[in-house]
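In what follows, a single structure is set out as structure tokens and then discussed.
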Amino acid sequence: MDAPRVIVHPPSASGGRRVRVGAEVLGTAYSLRDVAEFLRRAGLEGLDASDVAESDLIEWRGGGPDEWMPPPL
């Protein structure tokens, strides 16, 4: 069985990136640590922030894992 495809959407004006697995939105991440936590909650155990940045399971849209906008003032 294939692993689910994780989509991290482009940074939004609010400063976060929506994280989705299949049709399910897991939440809005503000860091790699947030993405790792969402994936842990979704059952993908054992991933830390560095794993998330390098994982082939994750499709980064609108910039890679180093693209995070700060929240507006």
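Each chain in the structure tokens gets a letter, A, B and so on, in the order shown; residues start at 1 in every chain, and ligands are counted from 1 in the order they appear.
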Neighbour list for A:Gly62 as a ChimeraX atom specification, cut-off 10 Å, only C-alpha atoms, skip fewer than 5 positions in-chain: /A:8-12,17,67
Residue set, chain A restricted to strand (DSSP E), as a list in words: Val6, Ile7, Val8, Arg17, Arg18, Val19, Arg20, Val21, Glu24, Val25, Leu26, Gly27, Thr28, Ala29, Ile58, Glu59 and Trp60 of chain A
Can those selected residues be exported to a file as an mmCIF file, in the first residue's frame so that it contains C-alpha atoms?
data_model
loop_
_atom_site.group_PDB
_atom_site.id
_atom_site.type_symbol
_atom_site.label_atom_id
_atom_site.label_comp_id
_atom_site.auth_asym_id
_atom_site.auth_seq_id
_atom_site.Cartn_x
_atom_site.Cartn_y
_atom_site.Cartn_z
ATOM 1 C CA VAL A 6 1.253 15.073 2.144
ATOM 2 C CA ILE A 7 0.713 18.526 0.625
ATOM 3 C CA VAL A 8 2.093 21.631 2.313
ATOM 4 C CA ARG A 17 0.974 26.892 5.589
ATOM 5 C CA ARG A 18 -2.009 24.563 5.327
ATOM 6 C CA VAL A 19 -1.072 20.880 5.630
ATOM 7 C CA ARG A 20 -3.208 18.259 3.925
ATOM 8 C CA VAL A 21 -3.110 14.471 3.581
ATOM 9 C CA GLU A 24 -8.098 15.848 4.996
ATOM 10 C CA VAL A 25 -6.704 19.189 6.172
ATOM 11 C CA LEU A 26 -4.542 18.531 9.233
ATOM 12 C CA GLY A 27 -4.117 22.176 10.178
ATOM 13 C CA THR A 28 -2.012 25.269 9.592
ATOM 14 C CA ALA A 29 1.694 24.925 10.297
ATOM 15 C CA ILE A 58 5.795 15.693 1.231
ATOM 16 C CA GLU A 59 4.989 17.937 -1.707
ATOM 17 C CA TRP A 60 5.941 21.543 -0.933
#
DSSP helix (DSSP H, G or I) selection over chain A, as a VMD selection string: chain A and resid 32 to 41 49 to 54
Write out the residues from the selection above, keeping N, CA and C atoms, as a PDB file, in the first residue's frame.
ATOM      1  N   LEU A  32       8.466  23.702  10.623  1.00  0.00           N
ATOM      2  CA  LEU A  32       8.646  22.278  10.324  1.00  0.00           C
ATOM      3  C   LEU A  32       8.212  21.417  11.498  1.00  0.00           C
ATOM      4  N   ARG A  33       8.426  21.911  12.695  1.00  0.00           N
ATOM      5  CA  ARG A  33       8.018  21.177  13.893  1.00  0.00           C
ATOM      6  C   ARG A  33       6.501  20.972  13.897  1.00  0.00           C
ATOM      7  N   ASP A  34       5.745  21.988  13.479  1.00  0.00           N
ATOM      8  CA  ASP A  34       4.286  21.853  13.391  1.00  0.00           C
ATOM      9  C   ASP A  34       3.906  20.778  12.379  1.00  0.00           C
ATOM     10  N   VAL A  35       4.563  20.779  11.214  1.00  0.00           N
ATOM     11  CA  VAL A  35       4.269  19.760  10.198  1.00  0.00           C
ATOM     12  C   VAL A  35       4.533  18.369  10.768  1.00  0.00           C
ATOM     13  N   ALA A  36       5.668  18.196  11.441  1.00  0.00           N
ATOM     14  CA  ALA A  36       5.998  16.897  12.040  1.00  0.00           C
ATOM     15  C   ALA A  36       4.938  16.479  13.051  1.00  0.00           C
ATOM     16  N   GLU A  37       4.449  17.403  13.851  1.00  0.00           N
ATOM     17  CA  GLU A  37       3.423  17.086  14.850  1.00  0.00           C
ATOM     18  C   GLU A  37       2.110  16.684  14.184  1.00  0.00           C
ATOM     19  N   PHE A  38       1.697  17.406  13.148  1.00  0.00           N
ATOM     20  CA  PHE A  38       0.473  17.036  12.423  1.00  0.00           C
ATOM     21  C   PHE A  38       0.596  15.626  11.857  1.00  0.00           C
ATOM     22  N   LEU A  39       1.756  15.307  11.298  1.00  0.00           N
ATOM     23  CA  LEU A  39       1.945  13.975  10.721  1.00  0.00           C
ATOM     24  C   LEU A  39       1.963  12.900  11.792  1.00  0.00           C
ATOM     25  N   ARG A  40       2.543  13.208  12.955  1.00  0.00           N
ATOM     26  CA  ARG A  40       2.527  12.257  14.071  1.00  0.00           C
ATOM     27  C   ARG A  40       1.086  11.957  14.480  1.00  0.00           C
ATOM     28  N   ARG A  41       0.282  13.010  14.589  1.00  0.00           N
ATOM     29  CA  ARG A  41      -1.128  12.829  14.963  1.00  0.00           C
ATOM     30  C   ARG A  41      -1.904  12.043  13.917  1.00  0.00           C
ATOM     31  N   ALA A  49      11.602  17.355  12.635  1.00  0.00           N
ATOM     32  CA  ALA A  49      11.630  18.488  11.706  1.00  0.00           C
ATOM     33  C   ALA A  49      12.601  18.260  10.551  1.00  0.00           C
ATOM     34  N   SER A  50      13.769  17.680  10.822  1.00  0.00           N
ATOM     35  CA  SER A  50      14.726  17.449   9.729  1.00  0.00           C
ATOM     36  C   SER A  50      14.219  16.376   8.769  1.00  0.00           C
ATOM     37  N   ASP A  51      13.520  15.363   9.288  1.00  0.00           N
ATOM     38  CA  ASP A  51      12.931  14.341   8.425  1.00  0.00           C
ATOM     39  C   ASP A  51      11.874  14.955   7.517  1.00  0.00           C
ATOM     40  N   VAL A  52      11.072  15.833   8.080  1.00  0.00           N
ATOM     41  CA  VAL A  52      10.003  16.493   7.321  1.00  0.00           C
ATOM     42  C   VAL A  52      10.599  17.291   6.165  1.00  0.00           C
ATOM     43  N   ALA A  53      11.682  18.000   6.427  1.00  0.00           N
ATOM     44  CA  ALA A  53      12.311  18.829   5.397  1.00  0.00           C
ATOM     45  C   ALA A  53      12.829  18.004   4.229  1.00  0.00           C
ATOM     46  N   GLU A  54      13.198  16.741   4.475  1.00  0.00           N
ATOM     47  CA  GLU A  54      13.828  15.903   3.452  1.00  0.00           C
ATOM     48  C   GLU A  54      12.929  14.797   2.903  1.00  0.00           C
TER      49      GLU A  54
END
Best match for closeness to A:Ala42 among A:Ala13, A:Arg61, A:Asp56, A:Gly22, counting only C-alpha atoms: A:Gly22
For A:Gly16, the nearest of the candidates A:Pro65, A:Leu44, A:Ser55, A:Tyr30, counting only C-alpha atoms: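 Using only C-alpha atoms, A:Gly16 sits closest to A:Tyr30.
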Residue with smallest distance to A:Arg5 - pool A:Gly43, A:Asp48, A:Leu57, A:Ser31, counting only C-alpha atoms: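 That would be A:Leu57, the residue with the smallest distance to A:Arg5.
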